[in-house]
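Here is the structure we will look at, set down as structure tokens.
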Amino acid sequence: MQPAAVPPRTQAASPPWRAELADRILSRLLLKVVGVSAFIGLFFQGYFHTLRNPVYPVTTMPFTPVDAWIAFVPWAIVPYLSLWFYVGIAPGLLLRWRDLLLYGAWATALCVGGLAIFHFWPTEVPARAPETASLPGFALLAGVDGAGNACPSLHVATAVFTATWVERLLRTVGAPGALRALNLVWLLAIAWSTVAVRQHVVLDVAAGLAWGLLFAALSHRLSPGIAWRPGR
């Protein structure tokens with residue numbers, strides 16, 4: 001008597017959330033990369049103009065006791081610069097033209113509003129110690145992202161705005177808690193890095209947090225369909 005045939009092993013199917021994340025990332029990928037890059041480029045044009053042409057007296061933001069607790073950490077420049085990748089994640093997970101346009105409109109409103117504040121109330125942070133210029137990346141940082149346009153920190157504001165939308169989109173696709181926790185950790189690392197590299201003071205961060213939460217709340221309330229999920 002011959003032994004019974006053993007059925008072939010089937011490869012475990014990937015969790016549905018992985019497939020949907022992949023679909024979202026690949027959908028209109030070139031458009032998203034070009035669009036986000038163009039948005040960042042246009043933002044820096046306005047940023048540099050307000051930075052280099054202050055109309056009103058520039059206010060130096062004061063240190064607080066909390067600033068003294070946060071040490072200068074040279075490697076914090078890595079999470080600091082990671083913002084420019086991080087801001088592309090939320091639009092990278094959108095599917096429809098309408099969603100991308102709405103998200104871009106809210107992000108534009110946040111940034112233009114911030115630049116308007118810098119126009120009427122230009123601020124700066126105290127200069128870093130001269131020896132920091134010799135550290136890797138800091139000379140470039142000083143040349144590209146100056147000490148002005150400090151409060152509110154748009155670095156923090158855009159990170160907060162992005163984080164809320166990434167959280168919403170991850171929940172929409174049913175992503176696990178670990179991935180959503182990573183999103184929160186990334187946001188906190190960016191916010192901490194702005195002070196740890198002495199690019200901002202804590203008051204700038206607090207104002208940036210409030211500014212980012214304001215536009216996040218408005219965008220979530222007034223654009224409920226952006227997180228649209230296929231089949232729903």
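Each chain in the structure tokens gets a letter, A, B and so on, in the order shown; residues start at 1 in every chain, and ligands are counted from 1 in the order they appear.
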
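Taking only C-alpha atoms, the non-local environment of segment 208-220 of chain A within 9 Å (same-chain residues fewer than 4 positions away omitted) comprises Leu102, Tyr103, Trp106, Ala107, Ala109, Leu110, Gly114, Cys151, Pro152, Ser153, Leu154, His155, Val156, Ala157, Thr158, Ala159, Val160, Phe161, Thr162, Thr164, Trp165, Ala191, Leu203, Asp204, Pro224, Gly225 and Ile226 of chain A.
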
**Q.** Near-Gly46 of chain A list (9 Å; only C-alpha atoms; drop same-chain fewer than 5 positions) as an NGL selection string
**A.** :A and (51 or 112 or 115)

Tell me which protein, DNA and RNA residues are within 8 Å of Val197 of chain A, counting only C-alpha atoms, leaving out same-chain ones fewer than 3 positions away, and put them as a tab-separated table (two decimals) with C-alpha atoms, in the first residue's frame.
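Listed below is the output, result.tsv:
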```tsv
chain	number	residue	atom	x	y	z
A	72	PHE	CA	24.04	69.45	22.65
A	73	VAL	CA	24.30	66.16	20.74
A	74	PRO	CA	26.14	66.29	17.38
A	76	ALA	CA	21.12	64.59	16.52
A	77	ILE	CA	21.67	66.17	13.12
A	193	SER	CA	16.81	67.10	17.65
A	194	THR	CA	15.82	70.70	16.92
A	200	HIS	CA	15.79	75.97	18.12
```

(Q) Let me make sure I understand: among A:Ala22, A:Val78, A:Ala116, A:Ala71, which one has the smallest atom-to-atom distance to Leu93 of chain A if we use only C-alpha atoms? (A)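 With only C-alpha atoms as the atom set, the closest residue is A:Ala22.
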
Q.
Can you tell me which residues surround Ile89 of chain A at a distance of at most 9 Å, considering only C-alpha atoms, apart from same-chain residues fewer than 3 positions away, and format the answer as a VMD selection string?
A. chain A and resid 25 85 to 86 92 to 93 162 166

So that I have them on file, write out the residues from the current selection with N, CA, C and O atoms, as a PDB file, in the first residue's frame.
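Once written, result15.pdb looks like this:
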```
ATOM      1  N   ILE A  25       1.895  53.115  -1.599  1.00  0.00           N
ATOM      2  CA  ILE A  25       3.216  53.700  -1.861  1.00  0.00           C
ATOM      3  C   ILE A  25       3.503  53.750  -3.360  1.00  0.00           C
ATOM      4  O   ILE A  25       4.026  54.740  -3.879  1.00  0.00           O
ATOM      5  N   PHE A  85      12.726  63.593   4.592  1.00  0.00           N
ATOM      6  CA  PHE A  85      12.184  62.327   4.117  1.00  0.00           C
ATOM      7  C   PHE A  85      10.836  62.058   4.779  1.00  0.00           C
ATOM      8  O   PHE A  85       9.880  61.616   4.129  1.00  0.00           O
ATOM      9  N   TYR A  86      10.759  62.351   6.062  1.00  0.00           N
ATOM     10  CA  TYR A  86       9.564  62.055   6.851  1.00  0.00           C
ATOM     11  C   TYR A  86       8.327  62.747   6.289  1.00  0.00           C
ATOM     12  O   TYR A  86       7.239  62.148   6.243  1.00  0.00           O
ATOM     13  N   GLY A  92       2.797  60.113   0.534  1.00  0.00           N
ATOM     14  CA  GLY A  92       3.171  58.873  -0.131  1.00  0.00           C
ATOM     15  C   GLY A  92       2.174  57.746   0.085  1.00  0.00           C
ATOM     16  O   GLY A  92       2.161  56.778  -0.683  1.00  0.00           O
ATOM     17  N   LEU A  93       1.326  57.859   1.102  1.00  0.00           N
ATOM     18  CA  LEU A  93       0.333  56.825   1.404  1.00  0.00           C
ATOM     19  C   LEU A  93      -1.060  57.185   0.893  1.00  0.00           C
ATOM     20  O   LEU A  93      -2.019  56.450   1.144  1.00  0.00           O
ATOM     21  N   THR A 162       2.540  66.004   9.852  1.00  0.00           N
ATOM     22  CA  THR A 162       2.784  64.745   9.146  1.00  0.00           C
ATOM     23  C   THR A 162       2.445  63.554  10.021  1.00  0.00           C
ATOM     24  O   THR A 162       1.798  62.596   9.578  1.00  0.00           O
ATOM     25  N   VAL A 166       0.066  60.385   9.175  1.00  0.00           N
ATOM     26  CA  VAL A 166       0.626  59.039   9.072  1.00  0.00           C
ATOM     27  C   VAL A 166      -0.109  58.097  10.018  1.00  0.00           C
ATOM     28  O   VAL A 166      -0.462  56.967   9.649  1.00  0.00           O
TER      29      VAL A 166
END
```

Q.
Please compute the atom CA of Tyr80 of chain A-atom CA of Leu94 of chain A distance, one decimal, in Å.
A.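 That distance, rounded to one decimal, is 24.5 Å.
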
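Distances to Phe118 of chain A were evaluated for A:Val185, A:Val202, A:Val87, A:Val58 using only C-alpha atoms, and the minimum falls at A:Val58.
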
Q) What is the distance, in Å and to one decimal place, between atom CA of Asp67 of chain A and atom CA of Val201 of chain A? A)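 So the two atoms, atom CA of Asp67 of chain A and atom CA of Val201 of chain A, lie 6.4 Å apart.
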
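Nearest residue to Ala206 of chain A among A:Asn53, A:Ala150, A:His119, A:Leu184 is A:Ala150, counting only C-alpha atoms.
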
Q: Please return as a count of residues only: the residues of segment 55-190 of chain A that backbone DSSP assigns to helix (DSSP H, G or I).
A: 91
